[in-house]
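Trainee: One file is attached below, structure32.cif, containing mmCIF, C-alpha atoms.
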```cif
data_run
loop_
_atom_site.group_PDB
_atom_site.id
_atom_site.type_symbol
_atom_site.label_atom_id
_atom_site.label_comp_id
_atom_site.auth_asym_id
_atom_site.auth_seq_id
_atom_site.Cartn_x
_atom_site.Cartn_y
_atom_site.Cartn_z
ATOM 1 C CA MET A 1 52.093 157.957 78.593
ATOM 2 C CA SER A 2 49.872 159.896 76.240
ATOM 3 C CA ASP A 3 47.547 159.303 73.311
ATOM 4 C CA ASP A 4 50.656 159.776 71.160
ATOM 5 C CA ASP A 5 52.099 156.622 72.740
ATOM 6 C CA VAL A 6 48.968 154.623 71.873
ATOM 7 C CA SER A 7 49.248 155.991 68.333
ATOM 8 C CA HIS A 8 52.966 155.044 68.244
ATOM 9 C CA TYR A 9 52.233 151.464 69.282
ATOM 10 C CA GLY A 10 49.307 151.310 66.871
ATOM 11 C CA ARG A 11 51.671 152.075 64.006
ATOM 12 C CA LEU A 12 54.391 149.782 65.383
ATOM 13 C CA VAL A 13 51.996 146.848 65.853
ATOM 14 C CA THR A 14 50.398 147.186 62.420
ATOM 15 C CA ARG A 15 53.807 147.478 60.747
ATOM 16 C CA TRP A 16 55.843 144.857 62.627
ATOM 17 C CA MET A 17 53.599 142.602 64.696
ATOM 18 C CA THR A 18 51.245 141.130 62.107
ATOM 19 C CA ASP A 19 52.392 137.491 62.112
ATOM 20 C CA PRO A 20 51.997 135.253 65.191
ATOM 21 C CA ALA A 21 54.667 135.898 67.822
ATOM 22 C CA CYS A 22 55.486 136.344 71.478
ATOM 23 C CA VAL A 23 57.341 139.386 72.838
ATOM 24 C CA THR A 24 58.749 139.324 76.373
ATOM 25 C CA TRP A 25 60.261 142.158 78.437
ATOM 26 C CA CYS A 26 62.428 141.180 81.419
ATOM 27 C CA SER A 27 64.551 143.159 83.816
ATOM 28 C CA GLY A 28 67.574 142.206 85.852
ATOM 29 C CA ILE A 29 69.141 139.725 83.382
ATOM 30 C CA ASP A 30 71.323 140.079 80.320
ATOM 31 C CA VAL A 31 70.860 138.674 76.815
ATOM 32 C CA GLU A 32 72.822 135.447 77.330
ATOM 33 C CA GLU A 33 71.085 134.655 80.616
ATOM 34 C CA ALA A 34 67.699 135.292 79.010
ATOM 35 C CA ALA A 35 68.649 132.873 76.199
ATOM 36 C CA ARG A 36 69.479 130.163 78.757
ATOM 37 C CA ARG A 37 66.175 130.721 80.550
ATOM 38 C CA PHE A 38 64.352 130.308 77.232
ATOM 39 C CA GLY A 39 66.068 126.939 76.900
ATOM 40 C CA ALA A 40 68.151 128.180 73.981
ATOM 41 C CA ASP A 41 71.682 127.133 73.195
ATOM 42 C CA PRO A 42 73.872 130.207 73.956
ATOM 43 C CA ALA A 43 76.338 129.007 71.300
ATOM 44 C CA SER A 44 73.614 129.390 68.666
ATOM 45 C CA GLY A 45 73.638 133.198 68.972
ATOM 46 C CA THR A 46 73.703 134.822 65.527
ATOM 47 C CA PRO A 47 73.204 138.523 64.684
ATOM 48 C CA MET A 48 69.811 139.052 63.010
ATOM 49 C CA THR A 49 67.005 141.552 62.701
ATOM 50 C CA PHE A 50 63.450 140.674 63.697
ATOM 51 C CA THR A 51 62.471 140.364 60.000
ATOM 52 C CA ASP A 52 65.430 138.017 59.352
ATOM 53 C CA ALA A 53 64.435 135.861 62.338
ATOM 54 C CA GLU A 54 60.834 135.677 61.078
ATOM 55 C CA MET A 55 61.945 134.632 57.589
ATOM 56 C CA GLU A 56 64.368 132.069 59.017
ATOM 57 C CA HIS A 57 61.622 130.549 61.151
ATOM 58 C CA TYR A 58 59.425 129.893 58.127
ATOM 59 C CA ASP A 59 62.280 128.904 55.773
ATOM 60 C CA GLU A 60 64.338 126.703 58.113
ATOM 61 C CA ALA A 61 61.706 125.304 60.523
ATOM 62 C CA LEU A 62 63.583 126.585 63.566
ATOM 63 C CA GLN A 63 61.987 127.766 66.796
ATOM 64 C CA THR A 64 64.087 130.781 67.727
ATOM 65 C CA VAL A 65 64.179 133.763 70.019
ATOM 66 C CA LEU A 66 65.702 137.128 69.089
ATOM 67 C CA ILE A 67 67.034 138.846 72.205
ATOM 68 C CA GLY A 68 68.433 142.329 72.671
ATOM 69 C CA SER A 69 68.786 145.066 75.276
ATOM 70 C CA LEU A 70 66.928 148.339 75.400
ATOM 71 C CA ASP A 71 67.206 150.991 78.109
ATOM 72 C CA GLY A 72 68.221 148.528 80.839
ATOM 73 C CA TRP A 73 65.669 145.843 79.917
ATOM 74 C CA THR A 74 66.062 142.686 77.886
ATOM 75 C CA ILE A 75 63.512 142.107 75.130
ATOM 76 C CA ALA A 76 62.914 138.684 73.586
ATOM 77 C CA MET A 77 60.924 138.186 70.396
ATOM 78 C CA GLU A 78 59.805 134.761 69.171
ATOM 79 C CA PRO A 79 58.517 134.621 65.594
ATOM 80 C CA ASN A 80 55.507 132.272 65.638
ATOM 81 C CA GLY A 81 56.586 131.105 69.081
ATOM 82 C CA GLY A 82 55.230 131.194 72.578
ATOM 83 C CA GLU A 83 57.860 130.022 75.059
ATOM 84 C CA GLY A 84 57.719 133.441 76.774
ATOM 85 C CA ARG A 85 54.161 132.673 77.850
ATOM 86 C CA SER A 86 55.076 129.349 79.439
ATOM 87 C CA PRO A 87 54.548 129.638 83.230
ATOM 88 C CA ASP A 88 57.970 128.104 83.990
ATOM 89 C CA THR A 89 59.824 130.257 81.453
ATOM 90 C CA ILE A 90 58.297 133.604 82.397
ATOM 91 C CA ALA A 91 58.732 132.806 86.105
ATOM 92 C CA SER A 92 62.414 132.033 85.454
ATOM 93 C CA LEU A 93 62.817 135.238 83.428
ATOM 94 C CA SER A 94 61.469 137.196 86.411
ATOM 95 C CA ASN A 95 63.812 135.670 89.027
ATOM 96 C CA SER A 96 65.818 138.897 89.289
ATOM 97 C CA ASP A 97 62.869 141.298 89.054
ATOM 98 C CA GLN A 98 59.918 141.091 86.653
ATOM 99 C CA ALA A 99 58.865 139.848 83.210
ATOM 100 C CA PHE A 100 55.907 140.630 80.979
ATOM 101 C CA SER A 101 54.932 138.862 77.756
ATOM 102 C CA ILE A 102 52.423 139.370 74.970
ATOM 103 C CA TYR A 103 51.479 136.375 72.836
ATOM 104 C CA TRP A 104 49.204 136.279 69.801
ATOM 105 C CA ASP A 105 48.420 133.861 67.019
ATOM 106 C CA GLY A 106 45.941 136.170 65.305
ATOM 107 C CA PRO A 107 43.389 138.858 66.161
ATOM 108 C CA VAL A 108 41.365 136.530 68.401
ATOM 109 C CA LYS A 109 43.955 134.613 70.475
ATOM 110 C CA ILE A 110 45.953 137.229 72.367
ATOM 111 C CA GLU A 111 47.171 137.070 75.948
ATOM 112 C CA MET A 112 49.498 138.779 78.402
ATOM 113 C CA ASN A 113 51.493 137.181 81.204
ATOM 114 C CA TYR A 114 53.147 138.896 84.140
ATOM 115 C CA ALA A 115 55.672 137.406 86.571
ATOM 116 C CA ALA A 116 57.734 138.878 89.397
ATOM 117 C CA HIS A 117 60.538 137.523 91.571
ATOM 118 C CA GLY A 118 60.313 134.011 90.153
ATOM 119 C CA HIS A 119 56.522 133.593 90.271
ATOM 120 C CA LEU A 120 53.843 133.845 87.599
ATOM 121 C CA ILE A 121 51.470 136.482 88.963
ATOM 122 C CA THR A 122 48.775 136.480 86.286
ATOM 123 C CA SER A 123 47.806 135.323 82.822
ATOM 124 C CA ILE A 124 45.272 137.501 81.024
ATOM 125 C CA PRO A 125 43.412 136.388 77.892
ATOM 126 C CA LYS A 126 41.918 138.980 75.555
ATOM 127 C CA SER A 127 39.236 140.547 77.741
ATOM 128 C CA LEU A 128 38.009 143.811 79.201
ATOM 129 C CA VAL A 129 40.053 145.173 82.125
ATOM 130 C CA ASP A 130 37.063 144.686 84.443
ATOM 131 C CA ASP A 131 37.187 140.952 83.687
ATOM 132 C CA TRP A 132 40.896 140.522 84.465
ATOM 133 C CA PRO A 133 41.917 138.113 87.249
ATOM 134 C CA PRO A 134 42.257 139.612 90.753
ATOM 135 C CA ALA A 135 46.036 139.025 90.639
ATOM 136 C CA ALA A 136 46.277 141.663 87.871
ATOM 137 C CA ARG A 137 44.626 144.379 89.937
ATOM 138 C CA VAL A 138 47.676 145.721 91.795
ATOM 139 C CA PRO A 139 50.562 145.288 89.339
ATOM 140 C CA LEU A 140 48.810 146.009 86.017
ATOM 141 C CA VAL A 141 45.427 147.739 86.256
ATOM 142 C CA PRO A 142 46.858 151.081 87.513
ATOM 143 C CA HIS A 143 48.754 151.339 84.189
ATOM 144 C CA THR A 144 45.714 150.739 81.955
ATOM 145 C CA HIS A 145 44.070 154.185 82.097
ATOM 146 C CA GLY A 146 42.931 155.226 78.623
ATOM 147 C CA LEU A 147 44.102 152.044 76.896
ATOM 148 C CA PRO A 148 41.789 150.412 74.333
ATOM 149 C CA PHE A 149 41.430 146.947 75.874
ATOM 150 C CA THR A 150 38.380 145.819 73.900
ATOM 151 C CA THR A 151 37.213 142.383 72.838
ATOM 152 C CA ALA A 152 36.526 143.430 69.231
ATOM 153 C CA LEU A 153 38.155 141.414 66.452
ATOM 154 C CA ASP A 154 40.854 143.948 65.666
ATOM 155 C CA GLU A 155 44.352 144.931 66.747
ATOM 156 C CA GLN A 156 43.263 147.297 69.547
ATOM 157 C CA TRP A 157 43.887 144.834 72.386
ATOM 158 C CA LYS A 158 47.397 144.080 71.097
ATOM 159 C CA ILE A 159 48.111 147.810 70.742
ATOM 160 C CA ALA A 160 46.897 148.355 74.310
ATOM 161 C CA ALA A 161 49.081 145.467 75.527
ATOM 162 C CA PHE A 162 52.212 146.930 73.874
ATOM 163 C CA THR A 163 51.433 150.338 75.379
ATOM 164 C CA LEU A 164 50.937 148.690 78.792
ATOM 165 C CA ALA A 165 54.342 146.982 78.430
ATOM 166 C CA ALA A 166 55.923 150.378 77.741
ATOM 167 C CA ARG A 167 54.237 151.864 80.801
ATOM 168 C CA LEU A 168 55.386 148.994 83.028
ATOM 169 C CA SER A 169 58.962 148.938 81.804
ATOM 170 C CA GLY A 170 59.572 152.530 80.786
ATOM 171 C CA VAL A 171 61.004 151.026 77.575
ATOM 172 C CA HIS A 172 59.751 152.315 74.235
ATOM 173 C CA LEU A 173 60.118 149.765 71.457
ATOM 174 C CA THR A 174 60.945 151.556 68.199
ATOM 175 C CA ASP A 175 61.323 150.897 64.498
ATOM 176 C CA ARG A 176 65.043 151.490 64.874
ATOM 177 C CA TRP A 177 65.349 148.744 67.542
ATOM 178 C CA LEU A 178 63.397 146.340 65.331
ATOM 179 C CA GLU A 179 65.566 147.163 62.308
ATOM 180 C CA THR A 180 68.790 146.607 64.291
ATOM 181 C CA GLU A 181 70.528 143.237 64.546
ATOM 182 C CA HIS A 182 70.258 141.519 67.927
ATOM 183 C CA SER A 183 71.191 137.968 68.944
ATOM 184 C CA ARG A 184 69.042 135.164 67.556
ATOM 185 C CA PHE A 185 69.182 131.897 69.519
ATOM 186 C CA VAL A 186 67.817 128.483 68.535
ATOM 187 C CA ILE A 187 65.342 127.004 71.007
ATOM 188 C CA SER A 188 64.550 123.898 68.945
ATOM 189 C CA THR A 189 64.217 122.444 65.486
ATOM 190 C CA LEU A 190 60.572 122.060 64.576
ATOM 191 C CA LEU A 191 59.321 118.678 63.419
#
```
As structure tokens - that is how I would like this structure written.
Mentor:
Amino acid sequence: MSDDDVSHYGRLVTRWMTDPACVTWCSGIDVEEAARRFGADPASGTPMTFTDAEMEHYDEALQTVLIGSLDGWTIAMEPNGGEGRSPDTIASLSNSDQAFSIYWDGPVKIEMNYAAHGHLITSIPKSLVDDWPPAARVPLVPHTHGLPFTTALDEQWKIAAFTLAARLSGVHLTDRWLETEHSRFVISTLL
């Protein structure tokens, strides 16, 4: 992964990932199984784009997850949600292999979570790589070379996290994928 990839995710993050959200990559399960593991009603699946799901969340007070496939992985996006960071959910999403999530509610509160084979391995708040928990050393740190994991109040940490997700999964999230309809599932109705 090159500097061009960091640049790609910089543009992608600043264009698409400005509002609070959680994005989760998981391998070894399909869209419907991922929906069940998020606690969503599989019958609630409706074709939507990420932008449509974001607008619906704010207009209809629904907690939803948009799930689609990309290059053998399943990607789940929660507008203003965070179920993918829940220890039980991400562990369940990793039962067949592994899962990685990025959650943010602004430029300050950002975190990553990594699970494998049904177990949460590590949760990493916005911090320098040297300050990451020991559990992150083997599965994640080798993929961080050259990534801008800083603690400054900007988007750099989120950009680095998206680039790290691409390095871990081999999946490159694109504008085209984000503009395409995937399956939106209802997790709950907000109060």
Trainee: Taking 6 positions as the minimum chain separation for residues in the same chain, which residues sit within 12 Å of A:His182 when counting only C-alpha atoms? Answer as a VMD selection string.
Mentor: chain A and resid 31 to 32 45 to 53 65 to 70 74 to 77 176
Trainee: Take the point (39.1, 136.5, 70.2) as written in the file and pick out every residue within 10 Å of it, counting all atoms listed in the file; give the list as a PDB file with C-alpha atoms, keeping the file's coordinate frame.
Mentor:
```pdb
ATOM      1  CA  GLY A 106      45.941 136.170  65.305  1.00  0.00           C
ATOM      2  CA  PRO A 107      43.389 138.858  66.161  1.00  0.00           C
ATOM      3  CA  VAL A 108      41.365 136.530  68.401  1.00  0.00           C
ATOM      4  CA  LYS A 109      43.955 134.613  70.475  1.00  0.00           C
ATOM      5  CA  ILE A 110      45.953 137.229  72.367  1.00  0.00           C
ATOM      6  CA  GLU A 111      47.171 137.070  75.948  1.00  0.00           C
ATOM      7  CA  PRO A 125      43.412 136.388  77.892  1.00  0.00           C
ATOM      8  CA  LYS A 126      41.918 138.980  75.555  1.00  0.00           C
ATOM      9  CA  SER A 127      39.236 140.547  77.741  1.00  0.00           C
ATOM     10  CA  THR A 151      37.213 142.383  72.838  1.00  0.00           C
ATOM     11  CA  ALA A 152      36.526 143.430  69.231  1.00  0.00           C
ATOM     12  CA  LEU A 153      38.155 141.414  66.452  1.00  0.00           C
ATOM     13  CA  ASP A 154      40.854 143.948  65.666  1.00  0.00           C
ATOM     14  CA  TRP A 157      43.887 144.834  72.386  1.00  0.00           C
TER      15      TRP A 157
END
```
Trainee: Once the PyMOL selection byres ((chain A and resi 18) around 10) has been applied to the shown file, what residues remain in the selection, as a PyMOL selection string?
Mentor: chain A and resi 12-17+19-21+104-107+155
Trainee: Now that the selection is made, can you save its residues with C-alpha atoms as a PDB file, in the coordinates of the input?
Mentor:
```pdb
ATOM      1  CA  LEU A  12      54.391 149.782  65.383  1.00  0.00           C
ATOM      2  CA  VAL A  13      51.996 146.848  65.853  1.00  0.00           C
ATOM      3  CA  THR A  14      50.398 147.186  62.420  1.00  0.00           C
ATOM      4  CA  ARG A  15      53.807 147.478  60.747  1.00  0.00           C
ATOM      5  CA  TRP A  16      55.843 144.857  62.627  1.00  0.00           C
ATOM      6  CA  MET A  17      53.599 142.602  64.696  1.00  0.00           C
ATOM      7  CA  ASP A  19      52.392 137.491  62.112  1.00  0.00           C
ATOM      8  CA  PRO A  20      51.997 135.253  65.191  1.00  0.00           C
ATOM      9  CA  ALA A  21      54.667 135.898  67.822  1.00  0.00           C
ATOM     10  CA  TRP A 104      49.204 136.279  69.801  1.00  0.00           C
ATOM     11  CA  ASP A 105      48.420 133.861  67.019  1.00  0.00           C
ATOM     12  CA  GLY A 106      45.941 136.170  65.305  1.00  0.00           C
ATOM     13  CA  PRO A 107      43.389 138.858  66.161  1.00  0.00           C
ATOM     14  CA  GLU A 155      44.352 144.931  66.747  1.00  0.00           C
TER      15      GLU A 155
END
```
Trainee: What does the structure give for the distance between atom CA of A:Cys26 and atom CA of A:Leu178, in Å to one decimal?
Mentor: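 Here the two named atoms are 16.9 Å from each other.
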Trainee: Do you know which residues are at most 10 Å from A:His8 counting all atoms listed in the file, after dropping those on the same chain fewer than 3 positions away, and could you put them as a count of residues only?
Mentor: 13
Trainee: Quick one: residues within 7 Å of stretch 81-89 of chain A, all atoms listed in the file counted, chain neighbours fewer than 3 positions away excluded, as a PyMOL selection string?
Mentor: chain A and resi 21-22+24+37-38+63+78+92-93+101+103+113+120
Trainee: Could you state which residues are captured by the PyMOL selection byres ((chain A and resi 97) around 9) in this file, as a ChimeraX atom specification?
Mentor: /A:26-29,93-96,98-99,115-118
